[in-house]
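Okay, data.txt now, which holds compact mmCIF, C-alpha atoms and all ligand atoms:
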# COMPACT_ATOMS: atom_id res chain seq x y z
CA MET A 1 2.98 31.38 -9.92
CA ASN A 2 3.33 35.12 -9.68
CA TRP A 3 1.62 36.07 -6.45
CA SER A 4 2.73 39.06 -4.45
CA ARG A 5 4.31 38.45 -1.09
CA THR A 6 1.16 39.77 0.61
CA GLY A 7 -1.05 37.51 -1.50
CA LEU A 8 1.07 34.51 -0.56
CA ARG A 9 0.92 35.37 3.15
CA ARG A 10 -2.84 35.75 3.01
CA PHE A 11 -3.21 32.43 1.22
CA GLN A 12 -1.05 30.68 3.83
CA GLY A 13 -2.95 32.31 6.69
CA GLN A 14 -6.30 31.34 5.23
CA LEU A 15 -5.22 27.76 4.53
CA LEU A 16 -3.66 27.25 7.96
CA GLY A 17 -6.60 28.82 9.78
CA TRP A 18 -9.00 26.50 7.97
CA PHE A 19 -6.79 23.46 8.69
CA ARG A 20 -6.58 24.24 12.41
CA ARG A 21 -10.34 24.62 12.64
CA CYS A 22 -11.51 21.82 10.35
CA GLN A 23 -8.86 19.05 10.25
CA ARG A 24 -9.95 15.50 10.96
CA ASP A 25 -8.87 14.09 14.30
CA LEU A 26 -6.38 11.42 13.25
CA PRO A 27 -4.04 9.57 15.63
CA TRP A 28 -0.84 10.60 13.81
CA ARG A 29 -1.81 14.26 14.18
CA HIS A 30 -1.26 14.11 17.93
CA THR A 31 2.45 13.49 17.71
CA ARG A 32 5.73 14.87 16.37
CA ASP A 33 7.49 11.52 16.82
CA PRO A 34 9.19 10.85 13.46
CA HIS A 35 8.70 7.08 13.86
CA ARG A 36 4.93 7.50 14.14
CA ILE A 37 4.71 10.08 11.34
CA TRP A 38 6.83 7.89 9.07
CA LEU A 39 4.71 4.82 9.78
CA SER A 40 1.48 6.71 9.06
CA GLU A 41 2.84 8.07 5.78
CA ILE A 42 3.91 4.61 4.60
CA MET A 43 0.62 2.99 5.61
CA LEU A 44 -1.42 5.74 3.96
CA GLN A 45 0.20 5.18 0.56
CA GLN A 46 -2.58 3.90 -1.74
CA THR A 47 -4.71 3.09 1.31
CA ARG A 48 -7.72 4.79 2.86
CA VAL A 49 -7.49 6.40 6.29
CA THR A 50 -10.20 4.18 7.79
CA ALA A 51 -8.39 1.03 6.65
CA VAL A 52 -5.09 2.26 8.08
CA MET A 53 -6.27 3.19 11.60
CA PRO A 54 -6.49 -0.28 13.22
CA TYR A 55 -3.23 -1.37 11.60
CA TYR A 56 -1.48 1.78 12.76
CA ARG A 57 -2.58 1.23 16.36
CA ARG A 58 -1.67 -2.48 16.40
CA PHE A 59 1.67 -1.88 14.74
CA LEU A 60 2.65 0.81 17.21
CA ALA A 61 1.50 -1.23 20.19
CA ARG A 62 3.97 -3.93 19.11
CA PHE A 63 6.71 -1.68 17.64
CA PRO A 64 6.58 1.61 19.57
CA SER A 65 10.07 2.64 18.40
CA VAL A 66 12.41 2.25 15.45
CA ARG A 67 14.62 0.00 17.57
CA ALA A 68 11.75 -2.32 18.44
CA LEU A 69 10.86 -2.55 14.75
CA ALA A 70 14.46 -3.16 13.69
CA ARG A 71 14.84 -6.01 16.21
CA ALA A 72 11.71 -7.87 15.07
CA PRO A 73 11.81 -10.82 12.66
CA THR A 74 10.54 -9.91 9.17
CA GLU A 75 7.92 -12.61 9.51
CA GLU A 76 6.32 -10.82 12.45
CA VAL A 77 6.36 -7.45 10.69
CA LEU A 78 4.61 -8.98 7.68
CA LYS A 79 2.06 -10.68 9.90
CA LEU A 80 1.04 -7.37 11.45
CA TRP A 81 0.83 -5.89 7.95
CA ALA A 82 -1.22 -8.78 6.54
CA GLY A 83 -4.41 -7.50 4.91
CA LEU A 84 -3.15 -3.96 4.31
CA GLY A 85 -1.66 -4.86 0.91
CA TYR A 86 1.40 -3.59 -0.99
CA TYR A 87 3.69 -5.66 1.19
CA SER A 88 6.90 -4.20 -0.23
CA ARG A 89 6.03 -1.24 2.02
CA ALA A 90 6.38 -3.42 5.11
CA ARG A 91 9.60 -5.03 3.89
CA ASN A 92 11.13 -1.63 3.11
CA LEU A 93 9.94 -0.19 6.41
CA HIS A 94 11.67 -2.99 8.24
CA ARG A 95 14.89 -2.64 6.21
CA ALA A 96 14.86 1.12 6.74
CA ALA A 97 14.42 0.67 10.51
CA LYS A 98 17.54 -1.50 10.58
CA GLU A 99 19.47 1.14 8.64
CA ILE A 100 18.27 3.90 10.95
CA VAL A 101 19.53 1.94 13.93
CA ALA A 102 22.83 1.06 12.24
CA ARG A 103 23.61 4.46 10.68
CA HIS A 104 21.56 7.08 12.52
CA SER A 105 21.60 5.88 16.15
CA GLY A 106 17.96 4.83 15.98
CA ARG A 107 16.62 8.30 15.12
CA PHE A 108 14.94 9.05 11.79
CA PRO A 109 17.46 11.34 9.99
CA ARG A 110 16.69 15.02 9.74
CA GLU A 111 18.52 15.71 6.47
CA LEU A 112 16.66 15.23 3.19
CA GLU A 113 19.49 13.33 1.46
CA ALA A 114 19.87 10.90 4.34
CA ALA A 115 16.12 10.27 4.48
CA LEU A 116 15.97 9.72 0.72
CA SER A 117 18.70 7.08 0.91
CA LEU A 118 16.50 4.84 3.10
CA PRO A 119 14.56 1.96 1.49
CA GLY A 120 11.00 2.83 0.51
CA ILE A 121 11.38 6.58 1.11
CA GLY A 122 10.78 8.84 -1.86
CA ARG A 123 10.64 12.59 -2.13
CA TYR A 124 7.05 12.87 -0.90
CA THR A 125 7.49 10.70 2.21
CA ALA A 126 10.80 12.31 3.15
CA ALA A 127 9.30 15.81 2.85
CA ALA A 128 6.20 14.84 4.83
CA VAL A 129 8.15 13.26 7.71
CA LEU A 130 10.80 15.97 7.92
CA SER A 131 8.32 18.84 7.77
CA ILE A 132 5.82 17.40 10.26
CA ALA A 133 8.28 15.87 12.72
CA TYR A 134 11.15 18.37 12.56
CA GLY A 135 9.64 21.50 10.97
CA GLU A 136 11.99 21.31 7.98
CA PRO A 137 10.69 23.46 5.09
CA HIS A 138 10.15 20.81 2.40
CA ALA A 139 6.98 20.66 0.31
CA ALA A 140 5.30 17.25 0.12
CA LEU A 141 3.82 16.68 -3.32
CA ASP A 142 1.67 13.64 -4.00
CA GLY A 143 -1.25 13.04 -6.35
CA ASN A 144 -3.73 14.66 -3.97
CA VAL A 145 -1.72 17.85 -3.55
CA ALA A 146 -0.90 17.92 -7.27
CA ARG A 147 -4.63 17.93 -8.05
CA VAL A 148 -5.20 20.93 -5.76
CA LEU A 149 -2.28 22.79 -7.33
CA ALA A 150 -3.42 21.95 -10.85
CA ARG A 151 -6.75 23.60 -10.07
CA LEU A 152 -5.29 26.52 -8.15
CA PHE A 153 -3.03 27.42 -11.08
CA ALA A 154 -5.16 25.96 -13.90
CA VAL A 155 -2.42 23.57 -14.99
CA ARG A 156 -3.39 21.55 -18.06
CA GLY A 157 -1.97 18.29 -19.39
CA ASP A 158 -0.57 15.18 -17.69
CA LEU A 159 0.56 16.20 -14.21
CA ARG A 160 2.98 13.27 -14.00
CA ALA A 161 4.95 14.41 -17.05
CA PRO A 162 8.41 15.10 -15.56
CA ARG A 163 8.59 18.81 -16.45
CA ARG A 164 5.08 19.52 -15.23
CA TRP A 165 5.67 17.58 -12.03
CA ALA A 166 8.84 19.63 -11.44
CA GLN A 167 6.82 22.83 -11.92
CA LEU A 168 4.21 21.62 -9.44
CA GLN A 169 6.97 20.74 -6.97
CA SER A 170 8.34 24.24 -7.28
CA ALA A 171 4.85 25.79 -6.85
CA ALA A 172 4.23 23.59 -3.78
CA GLN A 173 7.55 24.72 -2.32
CA LYS A 174 6.61 28.38 -2.70
CA LEU A 175 3.32 27.83 -0.88
CA VAL A 176 4.97 26.26 2.19
CA ALA A 177 5.08 28.75 5.04
CA PRO A 178 8.57 28.51 6.59
CA TYR A 179 7.09 29.04 10.08
CA ALA A 180 4.70 26.03 9.78
CA PRO A 181 5.82 23.68 6.99
CA GLY A 182 4.31 20.56 8.53
CA ASP A 183 0.90 22.14 8.97
CA CYS A 184 1.06 23.68 5.48
CA ASN A 185 1.74 20.27 3.93
CA GLN A 186 -0.97 18.61 5.98
CA ALA A 187 -3.41 21.41 5.14
CA MET A 188 -2.86 20.89 1.41
CA MET A 189 -3.31 17.12 1.85
CA GLU A 190 -6.45 17.68 3.90
CA LEU A 191 -7.85 20.11 1.36
CA GLY A 192 -7.32 17.52 -1.39
CA ALA A 193 -8.85 14.73 0.69
CA SER A 194 -11.91 16.53 2.00
CA VAL A 195 -12.77 19.58 -0.15
CA CYS A 196 -10.87 19.61 -3.44
CA THR A 197 -11.76 15.98 -4.15
CA PRO A 198 -11.22 14.29 -7.53
CA ARG A 199 -14.93 14.46 -8.36
CA SER A 200 -17.41 17.16 -7.35
CA PRO A 201 -15.03 19.40 -5.36
CA ARG A 202 -16.85 21.56 -2.83
CA CYS A 203 -15.66 24.93 -4.07
CA VAL A 204 -18.34 26.85 -2.18
CA GLU A 205 -16.81 25.69 1.12
CA CYS A 206 -13.21 25.98 -0.06
CA PRO A 207 -11.04 28.27 2.09
CA VAL A 208 -8.83 29.25 -0.87
CA SER A 209 -11.38 29.58 -3.68
CA ARG A 210 -10.54 33.23 -4.11
CA TRP A 211 -7.04 32.23 -5.30
CA CYS A 212 -8.24 29.40 -7.53
CA ARG A 213 -7.81 29.92 -11.28
CA ALA A 214 -9.83 26.85 -12.23
CA TYR A 215 -12.75 28.12 -10.15
CA GLN A 216 -12.57 31.55 -11.77
CA LEU A 217 -12.31 30.07 -15.26
CA GLY A 218 -15.03 27.45 -14.76
CA LEU A 219 -12.51 24.64 -15.33
CA VAL A 220 -12.89 22.83 -12.03
CA GLU A 221 -14.43 19.68 -13.52
CA ALA A 222 -11.97 19.63 -16.43
CA LEU A 223 -8.81 19.81 -14.33
CA PRO A 224 -6.62 17.98 -13.86
CA ALA A 225 -6.72 16.20 -17.23
CA ALA A 226 -7.62 12.52 -16.92
CA ARG A 227 -4.63 10.20 -17.13
CA ARG A 228 -4.59 7.35 -19.59
CA LYS A 229 -5.25 4.24 -17.55
CA ARG A 230 -3.26 1.09 -18.00
CA PRO A 231 -5.59 -1.51 -19.53
CA LYS A 232 -6.79 -4.24 -17.15
CA VAL A 233 -5.28 -7.68 -17.55
CA LYS A 234 -7.49 -10.63 -16.69
CA LEU A 235 -6.00 -13.90 -15.57
CA THR A 236 -6.91 -17.10 -13.79
CA LEU A 237 -4.86 -18.35 -10.89
CA ALA A 238 -5.41 -21.96 -9.85
CA ALA A 239 -4.30 -22.86 -6.33
CA ALA A 240 -4.06 -26.21 -4.56
CA VAL A 241 -5.04 -26.55 -0.91
CA LEU A 242 -3.33 -29.83 -0.11
CA LEU A 243 -4.85 -31.28 3.05
CA ASP A 244 -3.74 -34.26 5.07
CA SER A 245 -5.86 -36.26 7.52
CA ARG A 246 -4.86 -33.97 10.43
CA GLN A 247 -6.05 -30.93 8.44
CA ARG A 248 -2.55 -29.68 7.85
CA THR A 249 -1.85 -27.92 4.60
CA LEU A 250 1.22 -26.92 2.61
CA LEU A 251 2.36 -23.33 2.21
CA ILE A 252 5.33 -22.24 0.18
CA ARG A 253 7.07 -18.92 -0.30
CA PRO A 254 8.69 -18.42 -3.72
CA SER A 255 12.03 -16.63 -3.43
CA LYS A 256 11.63 -14.63 -6.65
CA PRO A 257 8.60 -12.66 -7.84
CA ASP A 258 8.47 -14.50 -11.17
CA SER A 259 8.91 -18.00 -9.76
CA ASP A 260 6.09 -20.50 -9.25
CA ARG A 261 4.71 -19.71 -12.69
CA GLY A 262 4.40 -16.05 -11.98
CA SER A 263 2.11 -16.47 -9.01
CA GLY A 264 4.56 -15.31 -6.33
CA ALA A 265 4.07 -11.60 -7.04
CA LEU A 266 0.27 -12.04 -6.98
CA PHE A 267 0.54 -13.35 -3.43
CA SER A 268 2.83 -10.46 -2.51
CA ARG A 269 5.72 -12.90 -1.96
CA MET A 270 4.16 -14.02 1.32
CA TRP A 271 3.27 -17.57 2.31
CA GLN A 272 0.90 -19.03 -0.26
CA PHE A 273 -0.69 -22.23 -1.47
CA PRO A 274 1.08 -23.79 -4.47
CA ALA A 275 -0.49 -22.06 -7.46
CA ALA A 276 -0.10 -21.41 -11.15
CA ILE A 277 -1.47 -19.00 -13.71
CA VAL A 278 -3.53 -21.22 -15.99
CA LYS A 279 -5.08 -20.82 -19.42
CA ARG A 280 -7.80 -23.35 -20.26
CA HIS A 281 -7.75 -26.51 -18.18
CA ALA A 282 -7.17 -25.30 -14.65
CA GLN A 283 -7.16 -28.73 -13.02
CA LYS A 284 -4.79 -30.38 -15.46
CA GLU A 285 -2.45 -27.45 -15.68
CA LEU A 286 -2.33 -27.15 -11.88
CA ALA A 287 -1.64 -30.89 -11.52
CA ARG A 288 1.22 -30.61 -14.01
CA HIS A 289 2.60 -27.61 -12.20
CA LEU A 290 2.54 -29.42 -8.84
CA GLN A 291 4.37 -32.33 -10.43
CA ALA A 292 7.03 -30.07 -11.94
CA SER A 293 7.55 -27.77 -8.96
CA LEU A 294 6.96 -30.06 -5.95
CA GLY A 295 7.31 -33.55 -7.38
CA PHE A 296 3.70 -34.11 -6.32
CA ARG A 297 2.08 -37.02 -8.16
CA GLY A 298 -1.51 -36.71 -6.89
CA GLY A 299 -3.97 -35.86 -9.62
CA PHE A 300 -2.29 -38.18 -12.12
CA GLU A 301 -3.94 -41.26 -13.51
CA GLY A 302 -2.50 -43.53 -16.15
CA GLY A 303 0.62 -41.33 -16.18
CA GLU A 304 -1.33 -38.31 -17.45
CA ALA A 305 -1.97 -35.24 -15.34
CA ASP A 306 -5.74 -34.91 -15.23
CA GLY A 307 -6.33 -33.36 -11.81
CA LYS A 308 -8.59 -36.24 -10.72
CA GLY A 309 -9.08 -36.00 -6.98
CA PHE A 310 -8.92 -32.21 -7.15
CA VAL A 311 -12.19 -30.86 -5.72
CA SER A 312 -13.11 -27.54 -7.21
CA LEU A 313 -13.93 -24.86 -4.59
CA PRO A 314 -16.01 -21.73 -5.17
CA PRO A 315 -14.01 -19.21 -7.18
CA ALA A 316 -13.20 -15.77 -5.84
CA ARG A 317 -12.22 -12.45 -7.35
CA HIS A 318 -9.07 -10.60 -6.49
CA ALA A 319 -7.44 -7.46 -7.87
CA VAL A 320 -3.76 -6.53 -7.80
CA THR A 321 -3.04 -3.11 -9.38
CA PHE A 322 -4.02 -3.52 -13.06
CA ARG A 323 -4.67 -7.26 -12.82
CA GLU A 324 -8.11 -8.76 -12.33
CA ILE A 325 -7.62 -12.25 -11.02
CA SER A 326 -10.09 -15.12 -10.92
CA LEU A 327 -8.97 -17.38 -8.12
CA ALA A 328 -9.72 -21.03 -8.89
CA PRO A 329 -8.98 -22.97 -5.70
CA PHE A 330 -8.94 -26.77 -5.46
CA LEU A 331 -9.00 -28.98 -2.39
CA VAL A 332 -6.68 -31.96 -2.70
CA ARG A 333 -6.80 -34.62 0.02
CA VAL A 334 -3.50 -36.39 0.56
CA ASP A 335 -2.21 -39.13 2.85
CA ARG A 336 0.99 -37.22 3.37
CA LEU A 337 1.95 -33.72 2.42
CA PRO A 338 4.89 -33.57 0.02
CA GLU A 339 8.22 -32.74 1.63
CA VAL A 340 9.31 -29.40 0.27
CA VAL A 341 12.43 -27.59 1.44
CA GLY A 342 11.56 -24.31 3.17
CA ALA A 343 7.80 -25.00 3.14
CA LYS A 344 5.44 -24.68 6.11
CA THR A 345 2.72 -27.15 7.08
CA PRO A 346 0.32 -25.26 9.39
CA PHE A 347 -3.20 -26.33 10.28
CA LEU A 348 -5.63 -24.94 7.73
CA ALA A 349 -7.73 -23.39 10.48
CA GLU A 350 -4.72 -21.58 11.92
CA LEU A 351 -3.40 -19.66 8.95
CA ASP A 352 -3.92 -16.39 10.78
CA ARG A 353 -0.67 -17.20 12.61
CA VAL A 354 1.26 -16.98 9.34
CA PRO A 355 1.85 -13.87 7.21
CA ILE A 356 -0.37 -14.40 4.18
CA SER A 357 -1.88 -12.06 1.61
CA SER A 358 -5.59 -11.46 1.24
CA ALA A 359 -5.68 -13.71 -1.87
CA THR A 360 -4.39 -16.62 0.21
CA ARG A 361 -6.90 -15.76 2.92
CA LYS A 362 -9.76 -15.96 0.39
CA ILE A 363 -8.57 -19.37 -0.81
CA ALA A 364 -8.22 -20.67 2.74
CA ALA A 365 -11.71 -19.41 3.60
CA ALA A 366 -13.18 -21.25 0.59
CA ALA A 367 -11.40 -24.46 1.64
CA LEU A 368 -12.52 -24.15 5.27
CA ARG A 369 -16.14 -23.58 4.26
CA SER A 370 -16.05 -26.78 2.21
CA LEU A 371 -15.04 -28.98 5.14
CA PRO A 372 -17.70 -31.02 6.95
CA GLY A 373 -18.99 -29.36 10.11
CA SER A 374 -17.93 -25.86 9.09
S1 LIG B 1 -12.01 26.35 -5.37
FE1 LIG B 1 -12.63 24.31 -5.86
S2 LIG B 1 -11.17 23.60 -7.37
FE2 LIG B 1 -10.31 25.40 -6.44
S3 LIG B 1 -9.00 24.62 -4.82
FE3 LIG B 1 -10.99 25.05 -3.91
S4 LIG B 1 -12.13 23.12 -4.03
FE4 LIG B 1 -10.37 22.99 -5.40
Once more with this new file: its structure as structure tokens, please.
Ligand code: SF4
Amino acid sequence: MNWSRTGLRRFQGQLLGWFRRCQRDLPWRHTRDPHRIWLSEIMLQQTRVTAVMPYYRRFLARFPSVRALARAPTEEVLKLWAGLGYYSRARNLHRAAKEIVARHSGRFPRELEAALSLPGIGRYTAAAVLSIAYGEPHAALDGNVARVLARLFAVRGDLRAPRRWAQLQSAAQKLVAPYAPGDCNQAMMELGASVCTPRSPRCVECPVSRWCRAYQLGLVEALPAARRKRPKVKLTLAAAVLLDSRQRTLLIRPSKPDSDRGSGALFSRMWQFPAAIVKRHAQKELARHLQASLGFRGGFEGGEADGKGFVSLPPARHAVTFREISLAPFLVRVDRLPEVVGAKTPFLAELDRVPISSATRKIAAAALRSLPGS
């Protein structure tokens, strides 16, 4: 980037003027409270603005301050997050709130190093919070902003390659106006979200097209270079909705991501039905898994696990990052639910009181629909 000082000032003025006129009216843009900015940045990771809005409002109504969040049980934090996905964000947010109370008197730290030492806070989030809440001059570089920069400076190749990313970080830093770093960062994000979009960018309406190398060179559609995608992995996850005569069911929560035959991570380590990744004979393999993990003997006849008594429910589709999951739920009526240390036995119709992932919600919905009178 070899712009003159005047060119840089004009660019900043043009970008900021456009942002102040055209920005979307979003709730986190009406505040400088670091707690609110931080929460919005965490919720917006990998998640669309429209999906975040109701969660943001509910979360703040219950946890209006870092201290209120730090005091809450993890279970309640996860429950308010349920449905938003990527639950490690909620766990880290909660852990970070406790650290902020313990080490920073309940105030989000102002120094970059201190912010970066908190759980779940990387360079982008720290820069966004510190610039917007405190006016600290740090550039926030995420995939959106990187795309805009790649076009502005006609950067070729994989943007996530470490050297290239470092160059983009340095370019982003030079573009930040020291008198309005928060607005500069938000303006770049807004430009990437609403004008310089991944496909069909609206260059004719772009406030900075006169500085854009890709536009001048006719490379807008070619930049940035497409990244090689991780191939999709398909798998089948069989789950057992055990149901006693009072319509209570059994939920477990594996302590490690790879426990419960690898299913724990697929349910975001929240409360889930007993489940197993299966290969060919879902019923039999699930019955064997329940025997091995819970000591449950239902679904066995003549000493062989055959899954008899397991009623197959309509399958559902679910996606977790690069995994495409076929959910194969089964309803299993029991006289008594097995006694499992640390398990929960809520009513099937009341699972909304428990923090569960959307995969578990889909399974529960299939089971509820199968019951008489539903
Ligand atoms: S001119 Fe087009 S490609 Fe360049 S920054 Fe603007 S919208 Fe993006």
Please identify the residues whose atoms come within 7 Å of ligand LIG 1 (chain B), using all atoms listed in the file, and report them as an NGL selection string.
-> :A and (148 or 151-152 or 195-196 or 201-203 or 206-209 or 212 or 214-215 or 220)
If you count all atoms listed in the file, the residue of A:Leu348, A:Ala276, A:Ala238, A:Ala265 closest to Arg317 in chain A turns out to be A:Ala238
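Compared by their closest atoms to Ala128 in chain A, and using all atoms listed in the file, the residues A:Glu190, A:Asp244, A:Asp183, A:Glu76 rank with A:Asp183 nearest.
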Q: Using all atoms listed in the file, find the one residue out of A:Lys362, A:Arg288, A:Lys234, A:Lys98 that sits nearest to Phe322 in chain A.
A: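 The shortest atom-to-atom distance to Phe322 in chain A comes from A:Lys234.
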Kindly extract all protein, DNA and RNA residues lying within 10 Å of the coordinates (6.9, -8.8, 12.7) given in the file, considering all atoms listed in the file, and supply them as a compact mmCIF listing (two decimals) with C-alpha atoms, keeping the file's coordinate frame.
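Saved to selection_16.txt:
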# COMPACT_ATOMS: atom_id res chain seq x y z
CA PHE A 59 1.67 -1.88 14.74
CA ARG A 62 3.97 -3.93 19.11
CA PHE A 63 6.71 -1.68 17.64
CA ALA A 68 11.75 -2.32 18.44
CA LEU A 69 10.86 -2.55 14.75
CA ALA A 70 14.46 -3.16 13.69
CA ARG A 71 14.84 -6.01 16.21
CA ALA A 72 11.71 -7.87 15.07
CA PRO A 73 11.81 -10.82 12.66
CA THR A 74 10.54 -9.91 9.17
CA GLU A 75 7.92 -12.61 9.51
CA GLU A 76 6.32 -10.82 12.45
CA VAL A 77 6.36 -7.45 10.69
CA LEU A 78 4.61 -8.98 7.68
CA LYS A 79 2.06 -10.68 9.90
CA LEU A 80 1.04 -7.37 11.45
CA TRP A 81 0.83 -5.89 7.95
CA ALA A 90 6.38 -3.42 5.11
CA ARG A 91 9.60 -5.03 3.89
CA HIS A 94 11.67 -2.99 8.24
CA PRO A 355 1.85 -13.87 7.21
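Across A:Pro198, A:Pro34, A:Gly373, A:Gly13, the tightest approach to Ala127 in chain A is made by A:Pro34 when counting only C-alpha atoms.
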With distances taken over only C-alpha atoms, the candidate from A:Leu159, A:Ala166, A:Leu60, A:Ala154 nearest Gly218 in chain A is A:Ala154
Requested file, range 215-230 of chain A restricted to N, CA and C atoms, as a PDB file, in the first residue's frame:
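Wrote it out as selection_34.pdb, contents follow:
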ATOM      1  N   TYR A 215     -11.261  -3.284  -9.181  1.00  0.00           N
ATOM      2  CA  TYR A 215     -12.274  -2.637 -10.031  1.00  0.00           C
ATOM      3  C   TYR A 215     -11.603  -2.070 -11.280  1.00  0.00           C
ATOM      4  N   GLN A 216     -10.475  -1.413 -11.070  1.00  0.00           N
ATOM      5  CA  GLN A 216      -9.772  -0.816 -12.213  1.00  0.00           C
ATOM      6  C   GLN A 216      -9.237  -1.885 -13.161  1.00  0.00           C
ATOM      7  N   LEU A 217      -8.829  -3.011 -12.604  1.00  0.00           N
ATOM      8  CA  LEU A 217      -8.214  -4.059 -13.426  1.00  0.00           C
ATOM      9  C   LEU A 217      -9.228  -5.085 -13.942  1.00  0.00           C
ATOM     10  N   GLY A 218     -10.495  -4.911 -13.591  1.00  0.00           N
ATOM     11  CA  GLY A 218     -11.516  -5.871 -14.016  1.00  0.00           C
ATOM     12  C   GLY A 218     -11.358  -7.241 -13.349  1.00  0.00           C
ATOM     13  N   LEU A 219     -10.872  -7.225 -12.097  1.00  0.00           N
ATOM     14  CA  LEU A 219     -10.614  -8.494 -11.399  1.00  0.00           C
ATOM     15  C   LEU A 219     -11.586  -8.745 -10.237  1.00  0.00           C
ATOM     16  N   VAL A 220     -12.643  -7.949 -10.205  1.00  0.00           N
ATOM     17  CA  VAL A 220     -13.539  -8.024  -9.040  1.00  0.00           C
ATOM     18  C   VAL A 220     -14.077  -9.432  -8.817  1.00  0.00           C
ATOM     19  N   GLU A 221     -14.506 -10.087  -9.879  1.00  0.00           N
ATOM     20  CA  GLU A 221     -15.099 -11.430  -9.712  1.00  0.00           C
ATOM     21  C   GLU A 221     -14.032 -12.472  -9.399  1.00  0.00           C
ATOM     22  N   ALA A 222     -12.786 -12.198  -9.789  1.00  0.00           N
ATOM     23  CA  ALA A 222     -11.727 -13.203  -9.604  1.00  0.00           C
ATOM     24  C   ALA A 222     -11.071 -13.117  -8.221  1.00  0.00           C
ATOM     25  N   LEU A 223     -11.308 -12.025  -7.510  1.00  0.00           N
ATOM     26  CA  LEU A 223     -10.638 -11.848  -6.216  1.00  0.00           C
ATOM     27  C   LEU A 223     -11.666 -11.769  -5.078  1.00  0.00           C
ATOM     28  N   PRO A 224     -11.351 -12.311  -3.934  1.00  0.00           N
ATOM     29  CA  PRO A 224     -10.144 -13.077  -3.648  1.00  0.00           C
ATOM     30  C   PRO A 224     -10.228 -14.478  -4.234  1.00  0.00           C
ATOM     31  N   ALA A 225      -9.070 -15.132  -4.370  1.00  0.00           N
ATOM     32  CA  ALA A 225      -9.040 -16.491  -4.914  1.00  0.00           C
ATOM     33  C   ALA A 225      -9.867 -17.416  -4.027  1.00  0.00           C
ATOM     34  N   ALA A 226     -10.584 -18.347  -4.673  1.00  0.00           N
ATOM     35  CA  ALA A 226     -11.406 -19.281  -3.885  1.00  0.00           C
ATOM     36  C   ALA A 226     -10.502 -20.164  -3.030  1.00  0.00           C
ATOM     37  N   ARG A 227     -10.945 -20.415  -1.813  1.00  0.00           N
ATOM     38  CA  ARG A 227     -10.168 -21.309  -0.929  1.00  0.00           C
ATOM     39  C   ARG A 227     -10.543 -22.748  -1.206  1.00  0.00           C
ATOM     40  N   ARG A 228      -9.597 -23.634  -1.009  1.00  0.00           N
ATOM     41  CA  ARG A 228      -9.945 -25.055  -1.148  1.00  0.00           C
ATOM     42  C   ARG A 228     -10.805 -25.452   0.033  1.00  0.00           C
ATOM     43  N   LYS A 229     -11.986 -26.022  -0.282  1.00  0.00           N
ATOM     44  CA  LYS A 229     -12.898 -26.374   0.814  1.00  0.00           C
ATOM     45  C   LYS A 229     -12.564 -27.747   1.365  1.00  0.00           C
ATOM     46  N   ARG A 230     -12.749 -27.896   2.655  1.00  0.00           N
ATOM     47  CA  ARG A 230     -12.574 -29.206   3.259  1.00  0.00           C
ATOM     48  C   ARG A 230     -13.684 -30.120   2.734  1.00  0.00           C
TER      49      ARG A 230
END
